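A.B. asks: Have a look at the structure that comes next, please.
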Amino acid sequence: MTIPLLIAATLLLQRLLGAPGGPPWSGLLLVPMVWVVGPALLGWGRRWVWIGLAIGLGWDLLLEPIIGPGAIAWSASALFLLWLASIVADRSPKAWLAFGAVATAIVILVHRLALLPLGVIRPVGWIDLAMSVAATALWCFSVGWIRSLDLPKRWRARRARTLR
Amino acid sequence: MTEVRLFLLRIALVWVVLELLAATQAVTPEGERVAWRWARTAAQPLALGASGAGSVAVDVADAVREAGQLLVDNRRLRLEMEELRTRNLLLREDLAALREGSRLVDTVVGLESATAVGRCVFRDPTRGRMEVRVESPSTIPKDTPVLGPGGLVGRVVEGRGGSVWVQLLTHPAAATAVQTANGSLQALATGTGRTDRLDVQYIPRTADLLQGEVFVTSGADGIYPAGIPVASVVSIRESEEAFLEVRAVPGVEFARIRVVLLLPVMAKGAAPGGWQ
C-alpha cells in the first residue's frame with residue numbers, strides 16, 4: 001500500500017511543480033519517472049508495465065486535458081526499460097541516470113506521437129526536451145545514488161555504534 | 001504464442017483502446033469529436049463501396065435486361081434473316097426458272113397459244129416421273145408432249161387441275177419413235193430406268209451411225225411431233241442380233257430441270273415450227 005501512496009504523492013508533487021509562481025523549468029522534471037526506472041533496474045517484473053500504465057493514467061487525469069496518450073507514453077517507456085534492463089547489467093546510479101534519460105525521452109516523444117492521430121500537434125522543443133531529459137535523469141540518478149547509500153543499513157550501524 | 005508475445009499483444013490492445021478513449025475526448029477545430037470523424041472516415045469507403053455496388057448492381061441489372069432484349073432481337077433478326085434468305089433462294093430459283101423458261105420458249109419456234117409453261121415441283125428421274133405445276137385454265141390432256149431445255153422430257157400421264165404428272169423418257173416403260181437428224185435412220189428410244197441412258201433399238205447393223213449423233217423425234221408414235229431432240233449417241237456395239245446395240249444419253253438433264261413446255265396442240269398431231 002505504501003508504493004501506491006508514494007506514486008500518488010509523486011503525481012501530486014508533479015502537479016505542484018506546475019503550479020503558478022514556480023520556476024519555469026520545474027515542469028520539465030518528470031517526478032514519477034523513478035517508478036518506471038526503479039522497478040526496471042531492480043527487476044520487479046513485467047507487471048510494472050501495467051503500473052506504468054496506471055501512472056500514465058494518473059498523469060493524464062492530473063496534468064493533461066485528454067486521458068489516454070499519457071498512459072500510452074508511460075507504459076511504452078516502462079516496456080522499453082523492461083527490455084533495456086534485460087540487456088544491461090549495470091544497476092549503479094549511472095544506470096539510473098541513463099535509464100531516466102531514455103525513459104524521459106520516450107515518454108515525451110511517444111506522448112507527442114499518440115497525440116498526432118487526434119489532430120493535436122504539439123511540436124517537440126528540442127531544448128525543452130533536452131532539459132527535461134537532463135533534469136529527470138538527474139532526479140533518477142539522485143534517487144539511485146541515495147538508494148545505493150543504503151541509508152537504513154547505515155542508520156542501523158550508526159545506532160549500533162552509539163549503543164555501545 | 002509465447003507469454004511475452006501475449007503480453008505485448010495485450011499492451012498493444014490497451015494502447016489502441018486508450019487512443020480510442022482519447023479520440024472520444026478530443027475535439028477538432030470544427031467542433032467535431034475526433035472519434036466521430038474517424039468513424040466517418042472509416043465508414044466513407046464502405047459507403048462509397050455500397051453506393052458503387054448499388055450502382056454496379058443497377059448497371060448489371062440493366063445490362064442483363066438489355067442483353068436479354070438483345071438476345072430476343074438477335075433471335076428475331078436471325079429468324080427474319082433466315083426467312084429472307086429462304087425467300088431470296090426461292091426468288092433466285094424463280095428467276096432462274098423464268099430465265100430458263102424464256103430460253104426454252106425462244107428455243108421452240110412457232111409455238112401455239114395453247115402451249116403451257118410448267119414449273120417442275122417434283123422429280124424422280126430414277127423412277128422416271130415428274131410432277132409439274134401448270135397455270136392453265138384447261139386440263140392438260142394425257143400424252144401431251146413435255147419439252148425441256150435440251151429436248152424432249154416425256155409425256156403427260158395424268159393431269160389433275162394444275163398438277164400434271166409426266167412420264168420421263170428414262171422410264172422403263174417409255175418408248176419414243178426417233179430418227180437421226182437427217183431422217184436416214186428410224187429407231188425406237190426406250191427408257192432404261194437410268195437417268196443418263198436410253199437404249200436406241202432397231203438400228204440395222206449396216207447403218208451409218210457415229211457417236212455423238214443426235215436423235216430427234218420422228219412423230220411415228222403419234223404422240224410426239226417430229227424434230228424434237230431426244231438423245232445423242234454415246235456407244236455403238238455390234239452383237240449377234242440383227243440390230244446394233246446403241247446407247248444414248250438424253251438431251252435433258254432431268255435432275256436440273258426447272259421449267260418445261262407442255263404442247264397440247266401437238267398432242268393432237270400438229271407439228272411444231274422447229275427446234276433451234
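Residue names in the C-alpha cells use chain letters A, B, ... in the order shown, residue numbers from 1 in each chain, and ligand numbers from 1 in the order shown.
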Select residues of chain A: the criterion is any atom within 9 Å of an atom of chain B, counting only C-alpha atoms; output as a list in words.
C.D. replies: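 Here they are: Arg46, Val49, Trp50, Pro65, Ile66, Ile67, Gly68, Pro69, Ala71, Ile72, Ser75, Ala76, Leu79, Ala114, Leu115, Pro117, Leu118, Gly119 and Val120 of chain A.
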A.B. asks: For those residues, write C-alpha atoms to a file as a short mmCIF file (atom, residue, chain, number, x, y, z; two decimals), in the first residue's frame.
C.D. replies:
```cif
data_model
loop_
_atom_site.label_atom_id
_atom_site.label_comp_id
_atom_site.auth_asym_id
_atom_site.auth_seq_id
_atom_site.Cartn_x
_atom_site.Cartn_y
_atom_site.Cartn_z
CA ARG A 46 6.59 -7.34 -16.01
CA VAL A 49 4.42 -2.06 -17.18
CA TRP A 50 0.82 -2.02 -16.01
CA PRO A 65 -6.75 17.57 -20.97
CA ILE A 66 -7.10 14.24 -22.72
CA ILE A 67 -6.91 10.90 -20.99
CA GLY A 68 -5.08 8.17 -22.90
CA PRO A 69 -1.92 9.40 -24.62
CA ALA A 71 -0.90 6.24 -20.33
CA ILE A 72 0.39 5.03 -23.68
CA SER A 75 3.59 2.29 -20.41
CA ALA A 76 5.71 2.40 -23.56
CA LEU A 79 8.05 -1.55 -21.59
CA ALA A 114 -0.05 9.49 -29.50
CA LEU A 115 -1.49 12.97 -29.86
CA PRO A 117 -3.84 10.99 -34.71
CA LEU A 118 -6.08 13.19 -32.60
CA GLY A 119 -5.07 16.21 -34.65
CA VAL A 120 -3.23 17.73 -31.72
#
```
A.B. asks: Which residues, written as a PDB file with C-alpha atoms, in the first residue's frame, have at least one atom at most 6 Å from segment 97-108 of chain A, with only C-alpha atoms counted and residues fewer than 3 positions away on the same chain left out?
C.D. replies:
```
ATOM      1  CA  ALA A  73       3.598   7.024 -23.306  1.00  0.00           C
ATOM      2  CA  TRP A  74       4.347   5.922 -19.754  1.00  0.00           C
ATOM      3  CA  SER A  77       8.554   3.811 -21.557  1.00  0.00           C
ATOM      4  CA  LYS A  94      24.808   5.817 -13.567  1.00  0.00           C
ATOM      5  CA  HIS A 111       3.166  11.249 -25.940  1.00  0.00           C
ATOM      6  CA  VAL A 133      15.748  14.624 -20.081  1.00  0.00           C
ATOM      7  CA  ALA A 137      17.862  11.844 -15.434  1.00  0.00           C
ATOM      8  CA  CYS A 140      16.609   9.404 -11.171  1.00  0.00           C
ATOM      9  CA  PHE A 141      20.371   9.450 -10.586  1.00  0.00           C
TER      10      PHE A 141
END
```
A.B. asks: Quick one: DSSP helix (DSSP H, G or I) residues in segment 2-154 of chain A, as a ChimeraX atom specification?
C.D. replies: /A:2-17,24-28,31-42,47-63,69-87,93-118,126-149,151-154
A.B. asks: Please compute the atom CA of Gly219 of chain B-atom CA of Thr176 of chain B distance, one decimal, in Å.
C.D. replies: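 That distance, rounded to one decimal, is 8.7 Å.
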A.B. asks: Segment 79-255 of chain B: which residues are strand (DSSP E or B) by DSSP, as an NGL selection string?
C.D. replies: :B and (108-109 or 116-124 or 129-134 or 145-148 or 151-160 or 163-168 or 175-180 or 186-191 or 198-201 or 204 or 214-217 or 229-237 or 243 or 245-250)
A.B. asks: Do a neighbour search on Arg103 of chain B at 12 Å with only C-alpha atoms, toss out local chain neighbours closer than 6 positions, and write the hits as an MDAnalysis selection string.
C.D. replies: chainID B and resid 96:97 109 117 148:150 258:261 275:276
A.B. asks: Taking N, CA and C atoms for each residue, export the selection above as a compact mmCIF listing (two decimals), in the first residue's frame.
C.D. replies:
```txt
# COMPACT_ATOMS: atom_id res chain seq x y z
N ALA B 96 -34.30 -17.96 -111.93
CA ALA B 96 -33.62 -18.92 -112.81
C ALA B 96 -34.64 -19.69 -113.65
N ALA B 97 -35.77 -20.02 -113.01
CA ALA B 97 -36.81 -20.75 -113.75
C ALA B 97 -37.38 -19.89 -114.87
N VAL B 109 -39.65 -22.85 -131.99
CA VAL B 109 -40.21 -21.87 -132.93
C VAL B 109 -41.64 -22.25 -133.26
N VAL B 117 -46.59 -23.30 -119.98
CA VAL B 117 -45.29 -23.41 -119.29
C VAL B 117 -45.55 -24.00 -117.91
N GLY B 148 -38.22 -29.79 -122.50
CA GLY B 148 -37.39 -29.08 -121.53
C GLY B 148 -36.18 -28.52 -122.23
N PRO B 149 -35.33 -27.82 -121.47
CA PRO B 149 -34.11 -27.30 -122.08
C PRO B 149 -33.24 -28.46 -122.54
N GLY B 150 -32.99 -28.55 -123.81
CA GLY B 150 -32.17 -29.64 -124.34
C GLY B 150 -32.97 -30.65 -125.12
N ARG B 258 -36.05 -27.25 -114.46
CA ARG B 258 -36.92 -26.38 -113.64
C ARG B 258 -38.24 -26.08 -114.36
N VAL B 259 -38.10 -25.85 -115.63
CA VAL B 259 -39.27 -25.39 -116.40
C VAL B 259 -39.46 -26.31 -117.60
N VAL B 260 -40.68 -26.59 -117.91
CA VAL B 260 -40.96 -27.40 -119.09
C VAL B 260 -42.06 -26.72 -119.91
N LEU B 261 -42.13 -27.14 -121.14
CA LEU B 261 -43.20 -26.66 -122.02
C LEU B 261 -44.14 -27.82 -122.29
N TRP B 275 -37.10 -26.59 -133.97
CA TRP B 275 -36.31 -26.58 -132.73
C TRP B 275 -34.99 -25.94 -133.04
N GLN B 276 -34.71 -24.88 -132.32
CA GLN B 276 -33.46 -24.18 -132.57
C GLN B 276 -32.36 -24.74 -131.69
```
A.B. asks: What is the distance between atom CA of Val157 of chain B and atom CA of Val246 of chain B, in Å to one decimal?
C.D. replies: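 Separation between atom CA of Val157 of chain B and atom CA of Val246 of chain B: 26.9 Å.
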A.B. asks: When distances are computed from only C-alpha atoms, which of B:Gln69, B:Thr144, B:Thr180, B:Ser138 shows the smallest separation from Arg160 of chain B?
C.D. replies: B:Ser138
A.B. asks: Mind giving me the straight-line distance from atom CA of Glu253 of chain B to atom CA of Gly159 of chain B in Å, one decimal?
C.D. replies: 22.8 Å
A.B. asks: Skipping near chain neighbours, those fewer than 2 positions away, what residues fall within 9 Å of Arg155 of chain B using only C-alpha atoms, listed as a PyMOL selection string?
C.D. replies: chain B and resi 142-147+152-153+157+165-169+223-224+262
A.B. asks: Write a file of the selected residues as a PDB file, in the first residue's frame, keeping N, CA and C atoms.
C.D. replies:
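Result file follows (part.pdb):
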```pdb
ATOM      1  N   LYS B 142     -53.926 -36.080-121.454  1.00  0.00           N
ATOM      2  CA  LYS B 142     -52.937 -37.154-121.368  1.00  0.00           C
ATOM      3  C   LYS B 142     -52.140 -37.219-122.660  1.00  0.00           C
ATOM      4  N   ASP B 143     -50.917 -37.682-122.592  1.00  0.00           N
ATOM      5  CA  ASP B 143     -49.998 -37.833-123.710  1.00  0.00           C
ATOM      6  C   ASP B 143     -49.537 -36.507-124.303  1.00  0.00           C
ATOM      7  N   THR B 144     -49.769 -35.422-123.583  1.00  0.00           N
ATOM      8  CA  THR B 144     -49.236 -34.139-124.055  1.00  0.00           C
ATOM      9  C   THR B 144     -47.718 -34.193-123.988  1.00  0.00           C
ATOM     10  N   PRO B 145     -47.051 -33.856-125.071  1.00  0.00           N
ATOM     11  CA  PRO B 145     -45.585 -33.852-125.044  1.00  0.00           C
ATOM     12  C   PRO B 145     -45.058 -32.778-124.092  1.00  0.00           C
ATOM     13  N   VAL B 146     -43.985 -33.119-123.421  1.00  0.00           N
ATOM     14  CA  VAL B 146     -43.349 -32.187-122.474  1.00  0.00           C
ATOM     15  C   VAL B 146     -41.927 -31.966-122.935  1.00  0.00           C
ATOM     16  N   LEU B 147     -41.604 -30.679-123.131  1.00  0.00           N
ATOM     17  CA  LEU B 147     -40.278 -30.318-123.594  1.00  0.00           C
ATOM     18  C   LEU B 147     -39.522 -29.584-122.482  1.00  0.00           C
ATOM     19  N   LEU B 152     -36.627 -33.273-125.588  1.00  0.00           N
ATOM     20  CA  LEU B 152     -37.847 -33.900-125.100  1.00  0.00           C
ATOM     21  C   LEU B 152     -37.665 -34.422-123.666  1.00  0.00           C
ATOM     22  N   VAL B 153     -38.699 -34.225-122.846  1.00  0.00           N
ATOM     23  CA  VAL B 153     -38.668 -34.677-121.464  1.00  0.00           C
ATOM     24  C   VAL B 153     -39.497 -35.947-121.322  1.00  0.00           C
ATOM     25  N   VAL B 157     -48.893 -38.199-118.232  1.00  0.00           N
ATOM     26  CA  VAL B 157     -49.635 -39.418-117.985  1.00  0.00           C
ATOM     27  C   VAL B 157     -50.868 -39.170-117.150  1.00  0.00           C
ATOM     28  N   TRP B 165     -48.635 -34.963-113.977  1.00  0.00           N
ATOM     29  CA  TRP B 165     -47.592 -35.963-113.801  1.00  0.00           C
ATOM     30  C   TRP B 165     -47.044 -36.333-115.168  1.00  0.00           C
ATOM     31  N   VAL B 166     -45.748 -36.377-115.231  1.00  0.00           N
ATOM     32  CA  VAL B 166     -45.076 -36.606-116.506  1.00  0.00           C
ATOM     33  C   VAL B 166     -44.284 -37.903-116.419  1.00  0.00           C
ATOM     34  N   GLN B 167     -44.412 -38.709-117.472  1.00  0.00           N
ATOM     35  CA  GLN B 167     -43.556 -39.900-117.574  1.00  0.00           C
ATOM     36  C   GLN B 167     -42.311 -39.506-118.360  1.00  0.00           C
ATOM     37  N   LEU B 168     -41.159 -39.673-117.749  1.00  0.00           N
ATOM     38  CA  LEU B 168     -39.921 -39.261-118.401  1.00  0.00           C
ATOM     39  C   LEU B 168     -39.508 -40.276-119.449  1.00  0.00           C
ATOM     40  N   LEU B 169     -38.606 -39.812-120.321  1.00  0.00           N
ATOM     41  CA  LEU B 169     -38.099 -40.705-121.371  1.00  0.00           C
ATOM     42  C   LEU B 169     -37.367 -41.895-120.789  1.00  0.00           C
ATOM     43  N   ILE B 223     -47.482 -39.518-130.826  1.00  0.00           N
ATOM     44  CA  ILE B 223     -47.537 -38.756-129.552  1.00  0.00           C
ATOM     45  C   ILE B 223     -46.694 -37.484-129.675  1.00  0.00           C
ATOM     46  N   TYR B 224     -45.443 -37.712-130.053  1.00  0.00           N
ATOM     47  CA  TYR B 224     -44.534 -36.573-130.099  1.00  0.00           C
ATOM     48  C   TYR B 224     -44.454 -36.043-131.528  1.00  0.00           C
ATOM     49  N   LEU B 262     -45.386 -27.564-122.160  1.00  0.00           N
ATOM     50  CA  LEU B 262     -46.382 -28.592-122.481  1.00  0.00           C
ATOM     51  C   LEU B 262     -47.091 -28.162-123.766  1.00  0.00           C
TER      52      LEU B 262
END
```
